[in-house]
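What follows is input.cif (mmCIF, C-alpha atoms and all ligand atoms).
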```
data_structure
loop_
_atom_site.label_atom_id
_atom_site.label_comp_id
_atom_site.auth_asym_id
_atom_site.auth_seq_id
_atom_site.Cartn_x
_atom_site.Cartn_y
_atom_site.Cartn_z
CA MET F 1 0.00 0.00 0.00
CA LYS F 2 1.49 3.31 -1.08
CA PHE F 3 0.66 6.59 0.48
CA ILE F 4 0.80 9.82 -1.42
CA ASP F 5 2.49 11.61 1.41
CA GLU F 6 5.95 10.45 0.53
CA ALA F 7 8.02 10.75 -2.60
CA THR F 8 11.56 10.32 -3.83
CA ILE F 9 12.99 13.04 -6.02
CA GLU F 10 16.26 13.95 -7.67
CA VAL F 11 17.60 17.44 -7.47
CA HIS F 12 20.39 18.75 -9.66
CA ALA F 13 21.84 22.18 -9.08
CA GLY F 14 23.36 23.97 -12.03
CA ASN F 15 27.11 23.96 -12.68
CA GLY F 16 29.00 27.19 -12.35
CA GLY F 17 29.97 28.79 -15.65
CA ASN F 18 33.65 28.72 -16.62
CA GLY F 19 35.91 31.71 -16.40
CA ILE F 20 37.67 32.39 -19.69
CA VAL F 21 40.94 33.61 -21.08
CA ALA F 22 40.60 36.63 -23.37
CA PHE F 23 42.62 39.72 -24.17
CA ARG F 24 41.61 43.19 -25.05
CA ARG F 25 42.22 43.76 -28.74
CA GLU F 26 41.61 47.20 -30.08
CA LYS F 27 43.09 49.25 -32.80
CA PHE F 28 45.85 51.47 -31.48
CA ILE F 29 45.85 49.77 -28.10
CA PRO F 30 48.55 47.17 -28.29
CA LYS F 31 48.75 44.60 -25.51
CA GLY F 32 45.37 45.58 -24.11
CA GLY F 33 45.68 43.17 -21.19
CA PRO F 34 43.49 40.34 -19.94
CA SER F 35 39.72 40.74 -20.28
CA GLY F 36 38.26 37.25 -19.65
CA GLY F 37 35.25 37.47 -17.32
CA ASP F 38 34.13 35.07 -14.61
CA GLY F 39 31.50 32.40 -15.09
CA GLY F 40 28.12 32.84 -13.40
CA ARG F 41 26.89 30.86 -10.42
CA GLY F 42 24.77 27.80 -11.15
CA GLY F 43 21.17 27.76 -9.94
CA SER F 44 20.44 26.07 -6.60
CA VAL F 45 17.42 23.96 -5.75
CA ILE F 46 15.59 25.31 -2.73
CA ALA F 47 12.65 23.90 -0.78
CA VAL F 48 10.12 26.22 0.83
CA ALA F 49 7.34 25.20 3.21
CA ASP F 50 4.00 26.50 2.04
CA ARG F 51 0.90 26.06 4.16
CA ASN F 52 -1.32 26.21 1.07
CA ILE F 53 0.01 22.88 -0.12
CA ASN F 54 -1.05 19.79 1.72
CA THR F 55 0.25 16.79 -0.16
CA LEU F 56 3.42 15.64 -1.84
CA ILE F 57 1.48 14.15 -4.74
CA ASP F 58 3.03 16.50 -7.30
CA TYR F 59 6.46 15.15 -6.45
CA ARG F 60 5.42 11.64 -7.31
CA TYR F 61 4.96 12.77 -10.90
CA ALA F 62 7.65 15.41 -11.28
CA ARG F 63 10.64 13.59 -9.88
CA VAL F 64 13.64 15.29 -11.41
CA HIS F 65 14.30 18.94 -10.70
CA ARG F 66 17.18 20.55 -12.51
CA ALA F 67 18.41 24.09 -12.10
CA ARG F 68 20.26 25.72 -14.99
CA GLY F 69 24.00 26.23 -15.13
CA GLY F 70 25.62 29.64 -14.89
CA GLU F 71 26.74 31.24 -18.14
CA HIS F 72 30.41 31.19 -19.05
CA GLY F 73 32.42 34.35 -18.81
CA GLN F 74 33.15 36.27 -22.01
CA GLY F 75 35.75 38.59 -23.40
CA SER F 76 35.67 42.36 -22.91
CA ASP F 77 35.39 41.93 -19.15
CA ARG F 78 31.93 40.40 -19.38
CA TYR F 79 30.88 38.11 -16.57
CA GLY F 80 28.54 35.20 -17.18
CA ALA F 81 25.06 35.60 -15.75
CA ALA F 82 24.11 33.60 -12.67
CA ALA F 83 21.33 31.07 -13.22
CA GLU F 84 18.06 31.38 -11.33
CA ASP F 85 17.40 29.15 -8.37
CA ILE F 86 14.45 26.83 -8.57
CA VAL F 87 12.04 26.74 -5.69
CA LEU F 88 10.11 23.62 -4.73
CA ARG F 89 7.04 24.35 -2.64
CA MET F 90 6.25 21.65 -0.13
CA PRO F 91 3.66 21.19 2.60
CA VAL F 92 4.48 22.30 6.12
CA GLY F 93 5.63 19.17 7.98
CA THR F 94 7.76 17.77 5.16
CA VAL F 95 10.91 16.04 6.31
CA ILE F 96 13.61 15.78 3.66
CA THR F 97 16.27 13.10 3.96
CA ASP F 98 19.12 12.03 1.75
CA ALA F 99 17.93 8.82 0.08
CA GLU F 100 21.44 7.34 0.10
CA SER F 101 22.75 8.18 3.56
CA GLY F 102 19.44 8.67 5.37
CA ALA F 103 20.73 11.95 6.84
CA ILE F 104 18.06 14.56 7.52
CA ILE F 105 18.60 17.55 5.25
CA ALA F 106 15.68 19.63 6.38
CA ASP F 107 12.59 19.51 8.52
CA LEU F 108 10.15 22.11 7.27
CA ALA F 109 8.08 22.62 10.37
CA LEU F 110 6.98 26.24 9.84
CA ASP F 111 5.29 28.04 6.98
CA GLY F 112 7.87 29.87 4.88
CA GLU F 113 10.85 27.88 6.17
CA GLN F 114 13.49 27.32 3.50
CA ALA F 115 16.26 24.82 2.91
CA ILE F 116 18.87 24.51 0.20
CA LEU F 117 18.59 21.02 -1.24
CA ALA F 118 21.39 21.29 -3.79
CA ARG F 119 23.79 24.17 -4.02
CA GLY F 120 24.66 25.61 -7.41
CA GLY F 121 28.31 25.47 -8.53
CA ARG F 122 30.48 28.56 -8.20
CA GLY F 123 31.48 30.39 -11.34
CA GLY F 124 35.11 30.01 -12.46
CA LEU F 125 37.49 32.96 -12.54
CA GLY F 126 38.40 34.64 -15.79
CA ASN F 127 41.98 35.62 -16.54
CA LEU F 128 41.17 39.14 -15.35
CA HIS F 129 41.78 37.86 -11.86
CA PHE F 130 45.22 36.54 -12.51
CA LYS F 131 46.98 39.64 -13.71
CA SER F 132 49.78 40.92 -11.55
CA SER F 133 52.79 43.15 -11.95
CA THR F 134 54.88 40.19 -13.00
CA ASN F 135 52.28 38.46 -15.14
CA ARG F 136 50.50 40.96 -17.30
CA ALA F 137 49.17 38.50 -19.81
CA PRO F 138 47.91 35.58 -17.73
CA ARG F 139 46.63 32.62 -19.67
CA GLN F 140 44.99 31.19 -16.64
CA ALA F 141 41.27 30.82 -15.91
CA THR F 142 39.39 28.39 -13.72
CA LYS F 143 36.40 26.24 -14.50
CA GLY F 144 33.14 26.59 -12.68
CA THR F 145 32.51 23.99 -9.96
CA GLU F 146 29.88 21.32 -10.37
CA GLY F 147 26.44 21.84 -8.89
CA GLU F 148 25.41 19.38 -6.20
CA HIS F 149 23.03 16.61 -7.03
CA ARG F 150 21.18 14.34 -4.69
CA ARG F 151 18.41 11.84 -4.40
CA LEU F 152 16.04 12.86 -1.66
CA ARG F 153 13.19 11.27 0.19
CA LEU F 154 10.31 13.50 1.10
CA GLU F 155 7.99 12.48 3.88
CA LEU F 156 5.04 14.44 5.09
CA LYS F 157 4.55 14.11 8.81
CA VAL F 158 1.20 15.23 10.02
CA LEU F 159 1.42 17.95 12.61
CA ALA F 160 -1.14 16.92 15.18
CA ASP F 161 -1.17 17.27 18.95
CA VAL F 162 -2.99 14.01 19.52
CA GLY F 163 -2.89 10.79 17.50
CA LEU F 164 -5.42 7.96 17.53
CA LEU F 165 -4.01 4.48 17.57
CA GLY F 166 -5.89 1.21 17.53
CA LEU F 167 -6.92 -1.97 15.79
CA PRO F 168 -9.08 -1.71 12.68
CA ASN F 169 -12.75 -1.14 13.58
CA ALA F 170 -11.89 0.11 17.08
CA GLY F 171 -13.88 3.25 16.29
CA LYS F 172 -11.10 5.79 15.71
CA SER F 173 -12.79 7.52 12.80
CA THR F 174 -16.12 7.56 14.64
CA LEU F 175 -14.45 9.24 17.59
CA ILE F 176 -12.71 11.92 15.55
CA ALA F 177 -15.96 12.58 13.69
CA ALA F 178 -17.80 12.93 17.03
CA CYS F 179 -15.28 15.32 18.54
CA SER F 180 -13.83 17.36 15.68
CA ASN F 181 -14.64 18.91 12.35
CA ALA F 182 -13.18 15.92 10.46
CA ARG F 183 -15.62 13.82 8.45
CA PRO F 184 -13.79 10.59 7.66
CA LYS F 185 -15.35 7.51 6.16
CA ILE F 186 -16.75 5.15 8.77
CA ALA F 187 -17.73 1.56 8.07
CA ASP F 188 -17.99 -1.78 9.80
CA TYR F 189 -15.19 -3.42 7.86
CA PRO F 190 -11.52 -3.27 8.81
CA PHE F 191 -9.15 -0.79 7.15
CA THR F 192 -11.81 1.70 6.21
CA THR F 193 -9.33 4.50 6.78
CA LEU F 194 -6.52 4.46 4.23
CA HIS F 195 -5.11 7.94 4.74
CA PRO F 196 -4.66 9.99 7.86
CA ASN F 197 -7.42 12.48 8.63
CA LEU F 198 -6.86 15.58 10.69
CA GLY F 199 -9.55 17.20 12.76
CA VAL F 200 -9.61 20.33 14.88
CA VAL F 201 -11.20 19.78 18.29
CA ARG F 202 -12.66 22.97 19.73
CA THR F 203 -12.75 22.93 23.51
CA GLY F 204 -13.45 26.59 24.23
CA PRO F 205 -13.83 29.98 22.59
CA ALA F 206 -10.10 30.31 21.84
CA LYS F 207 -8.96 26.79 22.60
CA SER F 208 -8.44 23.91 20.28
CA PHE F 209 -6.07 21.12 19.38
CA VAL F 210 -5.50 18.96 16.34
CA MET F 211 -6.20 15.26 16.30
CA ALA F 212 -5.04 12.72 13.72
CA ASP F 213 -6.97 9.59 12.80
CA ILE F 214 -4.75 7.04 11.09
CA PRO F 215 -5.35 3.62 9.55
CA GLY F 216 -5.80 0.66 11.87
CA LEU F 217 -2.68 -1.16 13.04
CA ILE F 218 -2.45 -4.92 13.55
CA GLU F 219 0.19 -7.25 14.92
CA GLY F 220 2.68 -8.23 12.27
CA ALA F 221 2.42 -4.82 10.60
CA ALA F 222 6.22 -4.63 10.60
CA GLU F 223 6.19 -7.61 8.25
CA GLY F 224 3.57 -5.92 6.09
CA ALA F 225 0.38 -7.31 7.63
CA GLY F 226 -2.66 -5.11 7.07
CA LEU F 227 -1.58 -1.74 5.75
CA GLY F 228 1.89 -2.12 7.23
CA HIS F 229 3.15 0.41 9.71
CA GLN F 230 4.44 3.19 7.46
CA PHE F 231 1.70 5.54 8.52
CA LEU F 232 2.88 5.40 12.15
CA ARG F 233 5.23 8.21 11.24
CA HIS F 234 2.23 10.50 11.50
CA LEU F 235 2.15 9.78 15.19
CA GLN F 236 5.81 10.62 15.75
CA ARG F 237 5.17 14.31 16.14
CA THR F 238 2.11 14.10 18.31
CA ARG F 239 2.37 14.85 22.00
CA LEU F 240 -0.16 12.30 23.10
CA LEU F 241 -1.48 9.01 21.77
CA LEU F 242 -4.99 7.80 22.42
CA HIS F 243 -5.03 4.05 22.28
CA ILE F 244 -8.59 3.26 21.20
CA VAL F 245 -9.82 -0.15 22.30
CA ASP F 246 -13.13 -1.71 21.27
CA VAL F 247 -14.57 -2.85 24.62
CA CYS F 248 -16.53 -5.66 23.02
CA PRO F 249 -14.78 -6.92 19.87
CA PRO F 250 -16.58 -9.42 17.61
CA GLY F 251 -16.88 -12.86 19.16
CA SER F 252 -16.55 -11.68 22.74
CA ARG F 253 -19.17 -12.38 25.39
CA THR F 254 -19.92 -10.74 28.68
CA ASP F 255 -22.56 -13.07 30.17
CA SER F 256 -20.65 -14.94 32.83
CA GLU F 257 -17.90 -13.98 35.22
CA GLN F 258 -15.54 -16.19 33.22
CA ASP F 259 -16.54 -14.52 29.92
CA ARG F 260 -15.70 -11.15 31.39
CA ARG F 261 -12.35 -12.33 32.71
CA ASP F 262 -11.54 -13.78 29.28
CA LEU F 263 -12.54 -10.54 27.63
CA VAL F 264 -10.23 -8.50 29.87
CA ASP F 265 -7.40 -10.97 29.08
CA ARG F 266 -8.09 -10.62 25.38
CA LEU F 267 -8.15 -6.82 25.50
CA ALA F 268 -4.95 -6.75 27.55
CA SER F 269 -3.13 -8.95 25.07
CA GLU F 270 -4.40 -6.88 22.13
CA ILE F 271 -3.11 -3.74 23.80
CA ARG F 272 0.26 -5.35 24.50
CA GLY F 273 0.42 -6.55 20.91
CA LEU F 274 -0.06 -3.06 19.53
CA VAL F 275 2.50 -1.56 21.89
CA ALA F 276 4.99 -4.22 20.75
CA GLU F 277 4.23 -3.20 17.17
CA LEU F 278 4.87 0.46 18.03
CA LYS F 279 8.18 -0.52 19.59
CA ARG F 280 9.17 -2.39 16.47
CA TYR F 281 8.55 0.72 14.42
CA ASP F 282 10.19 3.19 16.79
CA PRO F 283 10.92 2.62 20.49
CA LYS F 284 10.55 6.36 21.07
CA LEU F 285 6.97 6.16 19.84
CA ALA F 286 6.22 3.42 22.34
CA ARG F 287 7.48 5.67 25.15
CA LYS F 288 5.28 8.58 24.17
CA PRO F 289 2.48 9.48 26.62
CA ARG F 290 -0.40 7.17 25.80
CA TRP F 291 -3.88 7.01 27.31
CA ILE F 292 -6.18 4.05 27.02
CA ILE F 293 -9.64 4.86 25.69
CA LEU F 294 -12.13 2.06 26.04
CA ASN F 295 -14.60 2.73 23.25
CA LYS F 296 -18.13 1.55 22.38
CA LEU F 297 -19.26 1.97 25.97
CA ASP F 298 -22.88 1.98 24.70
CA VAL F 299 -22.53 -1.74 23.87
CA VAL F 300 -21.73 -2.92 27.41
CA GLY F 301 -23.15 -0.08 29.50
CA ASP F 302 -21.49 2.29 31.93
CA ALA F 303 -20.98 0.01 34.91
CA LEU F 304 -19.45 -2.87 33.01
CA GLY F 305 -17.27 -0.50 30.99
CA GLN F 306 -15.79 1.03 34.14
CA GLU F 307 -15.29 -2.44 35.62
CA PHE F 308 -13.39 -3.56 32.51
CA LEU F 309 -11.29 -0.44 32.51
CA ALA F 310 -10.26 -0.90 36.13
CA ALA F 311 -9.42 -4.57 35.54
CA LEU F 312 -7.44 -3.75 32.41
CA LYS F 313 -5.41 -1.06 34.11
CA LYS F 314 -4.59 -3.43 36.94
CA LYS F 315 -3.63 -6.23 34.62
CA LEU F 316 -1.44 -4.00 32.47
CA ARG F 317 -0.11 -2.03 35.46
CA PHE F 318 -1.10 0.98 33.41
CA ARG F 319 -0.51 4.24 35.25
CA ALA F 320 -1.41 6.96 32.73
CA ALA F 321 -4.93 8.22 32.24
CA ALA F 322 -7.68 5.94 30.94
CA TYR F 323 -11.27 6.66 30.00
CA CYS F 324 -14.45 5.01 28.81
CA VAL F 325 -16.26 6.66 25.91
CA SER F 326 -18.69 5.96 23.13
CA GLY F 327 -17.96 7.60 19.82
CA ALA F 328 -21.43 6.60 18.62
CA SER F 329 -23.43 8.11 21.51
CA ARG F 330 -20.71 10.67 22.34
CA ALA F 331 -20.85 9.65 26.01
CA GLY F 332 -17.66 10.69 27.79
CA CYS F 333 -16.27 12.47 24.70
CA GLU F 334 -16.68 16.00 25.99
CA VAL F 335 -14.92 15.20 29.28
CA LEU F 336 -12.10 13.42 27.46
CA MET F 337 -11.53 16.33 25.09
CA GLN F 338 -11.41 18.79 27.99
CA GLU F 339 -8.90 16.59 29.83
CA ILE F 340 -6.73 16.42 26.72
CA GLN F 341 -6.83 20.18 26.37
CA HIS F 342 -5.77 20.63 30.02
CA TRP F 343 -2.97 18.16 29.59
CA LEU F 344 -1.71 19.84 26.41
CA ASP F 345 -1.89 23.27 28.05
CA ALA F 346 0.08 21.99 31.02
CA GLN F 347 2.72 20.52 28.71
CA ARG F 348 3.11 23.79 26.86
CA ILE F 349 3.40 25.80 30.06
CA ALA F 350 5.96 23.31 31.38
CA GLU F 351 7.99 23.74 28.19
CA ILE F 352 7.91 27.52 28.44
CA GLY F 353 8.84 27.14 32.11
CA SER F 354 11.89 25.02 31.34
CA ALA F 355 12.98 27.47 28.64
CA ASN F 356 12.50 30.38 31.03
CA PRO F 357 13.43 29.59 34.65
CA ASP F 358 11.54 32.67 35.88
CA VAL F 359 8.25 30.97 35.07
CA ARG F 360 7.38 28.43 37.72
CA PHE F 361 5.10 25.56 37.00
CA THR F 362 4.52 22.25 38.71
CA PRO F 363 3.16 19.71 36.22
CA PRO F 364 0.30 17.60 37.53
CA GLU F 365 1.26 14.10 38.60
CA GLU F 366 1.04 11.51 35.86
CA GLY F 367 -2.33 9.81 36.15
CA ALA F 368 -3.80 12.59 38.30
CA SER F 369 -6.75 12.79 35.97
CA VAL F 370 -7.51 9.07 35.97
CA GLN F 371 -11.20 8.42 36.45
N1 LIG W 401 -21.91 0.65 19.04
C1 LIG W 401 -20.89 1.40 18.68
N2 LIG W 401 -20.35 1.21 17.46
C2 LIG W 401 -19.29 2.00 17.12
C3 LIG W 401 -18.78 2.98 17.99
N3 LIG W 401 -17.73 3.57 17.37
C4 LIG W 401 -17.62 2.99 16.16
N4 LIG W 401 -18.56 2.04 15.99
C5 LIG W 401 -18.76 1.19 14.80
O1 LIG W 401 -17.59 0.43 14.60
C6 LIG W 401 -17.32 0.30 13.20
C7 LIG W 401 -15.93 0.80 12.87
O2 LIG W 401 -15.85 2.18 13.13
P1 LIG W 401 -14.73 3.12 12.50
O3 LIG W 401 -14.88 4.44 13.17
O4 LIG W 401 -14.77 3.08 11.01
O5 LIG W 401 -13.44 2.37 13.03
P2 LIG W 401 -11.90 2.66 12.72
O6 LIG W 401 -11.16 2.39 13.97
O7 LIG W 401 -11.77 4.03 12.15
O8 LIG W 401 -11.59 1.55 11.65
P3 LIG W 401 -10.46 1.51 10.51
O9 LIG W 401 -10.50 2.83 9.81
O10 LIG W 401 -10.89 0.40 9.63
O11 LIG W 401 -9.18 1.25 11.20
C8 LIG W 401 -18.42 1.08 12.48
O12 LIG W 401 -19.42 0.20 12.09
C9 LIG W 401 -18.93 2.03 13.54
O13 LIG W 401 -20.27 2.38 13.34
C10 LIG W 401 -19.39 3.14 19.28
O14 LIG W 401 -19.00 3.96 20.10
N5 LIG W 401 -20.42 2.30 19.55
MG MG W 402 -11.08 4.59 10.39
#
```
Spell out the structure here as structure tokens.
Ligand SMILES: Nc1nc2c(ncn2[C@@H]2O[C@H](COP(=O)(O)OP(=O)(O)OP(=O)(O)O)[C@@H](O)[C@H]2O)c(=O)[nH]1
Ligand SMILES: [Mg+2]
Amino acid sequence: MKFIDEATIEVHAGNGGNGIVAFRREKFIPKGGPSGGDGGRGGSVIAVADRNINTLIDYRYARVHRARGGEHGQGSDRYGAAAEDIVLRMPVGTVITDAESGAIIADLALDGEQAILARGGRGGLGNLHFKSSTNRAPRQATKGTEGEHRRLRLELKVLADVGLLGLPNAGKSTLIAACSNARPKIADYPFTTLHPNLGVVRTGPAKSFVMADIPGLIEGAAEGAGLGHQFLRHLQRTRLLLHIVDVCPPGSRTDSEQDRRDLVDRLASEIRGLVAELKRYDPKLARKPRWIILNKLDVVGDALGQEFLAALKKKLRFRAAAYCVSGASRAGCEVLMQEIQHWLDAQRIAEIGSANPDVRFTPPEEGASVQ
């Protein structure tokens, strides 16, 4: 499965023009001296983040980007013209890496941010530059240098504060549709969501955060099961993950005490499985703050939902926040969104505090908001 938010391109900067050897030749002016001009600079290839662009799809079609070379120098002291740079507009959130070495060249996180992807060659020097009192007729000139060329990988990382993570059909898209302005496709078959959806969650007159709904993840994704785990990169920049768990997945029963114990065991192992998958993709992602959200509360009812949540937390020794919600009936959604907003605000204040020691802030204890 290919996503349109990545592309591999080639960028070629222009070569510098050559400097030349020429002499001034005019009637009645014998030995007019050197007059070879310098070559012009080659054009560079520059990336600019533009918030009006939101996909990398254009770069999947136009793969090779070549800037022109600088003009060569000419006689009569004329310098070669520099070539124009070419500018590639990319969405905010594009990370550019060298396809060969994997080194990060640029991370365009802000609108208008620029990065030079390939530097144009310098123009060579004409023989004008080599004249001296002892060498009045230099026959020396230098060539322009080569422009850089590279193969680059472009990846668009969604800039969201909160990312939804969960098995297919857990109800991620339903939840983002219930809480934000996003209107993703929702259906009762797995892998309905093929591309990440972003939604803005408004929690107050001037308060909001951005949530990302991504395709469902299953165990074995690292080996390509389901849609693979490529899209997990969209979660790398979020501050908080919401691990959405279907409280009553198909085939589960809640009639007897034993059924309920089995169900908790099953949910716990599904959660562990997904965390293992996260770790396989990026251990840092697995260490990110993650809350458990037991979804589809309407199916089992409030009391049973809370009972399952408590049992799950105990079994997993889970200490961060955990909530029961229903995306379908919206029960618990409002409270959850407010808690997320508080948590994000506290994180931001803590960051400002650590950057500026004059601001004092004591972050709330982890799990303080557990219900
Ligand atoms: N009863 C009930 N059904 C729900 C709830 N949330 C989602 N569903 C149903 O569960 C099914 C899957 O919902 P989606 O929101 O598409 O699930 P998803 O996690 O986005 O699934 P993928 O995109 O395939 O990964 C749909 O039939 C929804 O109607 C809920 O809170 N209660
Ligand atoms: Mg979905």
**Prompt:** Which one of F:Asn127, F:Glu277, F:Ala328, F:Ala322 sits closest to Glu223 in chain F if you count all atoms listed in the file?
**Reply:** F:Glu277
**Message:** as a ChimeraX atom specification, please: every protein or nucleic acid residue near ligand LIG 401 (chain W) (cut-off 7 Å, counting only C-alpha atoms and all ligand atoms).
**Reply:** /F:166-175,185-193,215-216,295-299,325-329
Considering all atoms listed in the file, return as a PDB file with C-alpha atoms, in the frame of the given file whatever protein or nucleic-acid residues lie within 12 Å of Asp85 in chain F, sequence-local ones (same chain, fewer than 4 positions apart) excluded.
```pdb
ATOM      1  CA  VAL F  11      17.600  17.440  -7.470  1.00  0.00           C
ATOM      2  CA  HIS F  12      20.390  18.750  -9.660  1.00  0.00           C
ATOM      3  CA  ALA F  13      21.840  22.180  -9.080  1.00  0.00           C
ATOM      4  CA  GLY F  14      23.360  23.970 -12.030  1.00  0.00           C
ATOM      5  CA  ASN F  15      27.110  23.960 -12.680  1.00  0.00           C
ATOM      6  CA  ARG F  41      26.890  30.860 -10.420  1.00  0.00           C
ATOM      7  CA  GLY F  42      24.770  27.800 -11.150  1.00  0.00           C
ATOM      8  CA  GLY F  43      21.170  27.760  -9.940  1.00  0.00           C
ATOM      9  CA  SER F  44      20.440  26.070  -6.600  1.00  0.00           C
ATOM     10  CA  VAL F  45      17.420  23.960  -5.750  1.00  0.00           C
ATOM     11  CA  ILE F  46      15.590  25.310  -2.730  1.00  0.00           C
ATOM     12  CA  ALA F  47      12.650  23.900  -0.780  1.00  0.00           C
ATOM     13  CA  HIS F  65      14.300  18.940 -10.700  1.00  0.00           C
ATOM     14  CA  ARG F  66      17.180  20.550 -12.510  1.00  0.00           C
ATOM     15  CA  ALA F  67      18.410  24.090 -12.100  1.00  0.00           C
ATOM     16  CA  ARG F  68      20.260  25.720 -14.990  1.00  0.00           C
ATOM     17  CA  GLY F  69      24.000  26.230 -15.130  1.00  0.00           C
ATOM     18  CA  GLY F  70      25.620  29.640 -14.890  1.00  0.00           C
ATOM     19  CA  ILE F 116      18.870  24.510   0.200  1.00  0.00           C
ATOM     20  CA  LEU F 117      18.590  21.020  -1.240  1.00  0.00           C
ATOM     21  CA  ALA F 118      21.390  21.290  -3.790  1.00  0.00           C
ATOM     22  CA  ARG F 119      23.790  24.170  -4.020  1.00  0.00           C
ATOM     23  CA  GLY F 120      24.660  25.610  -7.410  1.00  0.00           C
ATOM     24  CA  GLY F 121      28.310  25.470  -8.530  1.00  0.00           C
ATOM     25  CA  GLY F 147      26.440  21.840  -8.890  1.00  0.00           C
TER      26      GLY F 147
END
```
**Residues within 12 Å of (7.3, 12.2, 3.2), counting all atoms listed in the file, listed as a PyMOL selection string** = chain F and resi 2-9+54-57+59-60+90-99+104+106-108+152-158+230-231+233-234
Edge lengths and centre, in Å to one decimal, as JSON: that's what I need for the box along x, y and z that holds all listed atoms of range 318-332 of chain F plus 4 Å on each side.
```
{"center_x": -12.0, "center_y": 5.8, "center_z": 26.9, "size_x": 30.9, "size_y": 17.7, "size_z": 24.6}
```
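Taking CA of Phe308 in chain F and CA of Arg280 in chain F as the two end points, the separation is 27.7 Å.
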Could you list, as a PDB file with C-alpha atoms, keeping the file's coordinate frame, every residue within 8 Å of Leu232 in chain F, counting only C-alpha atoms and ignoring same-chain residues fewer than 6 positions away?
```pdb
ATOM      1  CA  ILE F 214      -4.750   7.040  11.090  1.00  0.00           C
ATOM      2  CA  LEU F 278       4.870   0.460  18.030  1.00  0.00           C
ATOM      3  CA  TYR F 281       8.550   0.720  14.420  1.00  0.00           C
TER       4      TYR F 281
END
```
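Take the candidates F:Ile105, F:Leu88, F:Ile29, F:Leu198 and check each one against Ile53 in chain F using all atoms listed in the file; the shortest distance goes to F:Leu88.
Closest approach to Leu194 in chain F among F:Leu217, F:Leu241, F:Leu336, F:Leu267: F:Leu217, based on only C-alpha atoms.
Considering all atoms listed in the file, the residue among F:Ala141, F:Ala178, F:Ala103, F:Ala83 positioned nearest to Met337 in chain F is F:Ala178.
The space between CA of Pro138 in chain F and CA of Asp38 in chain F spans 14.1 Å.
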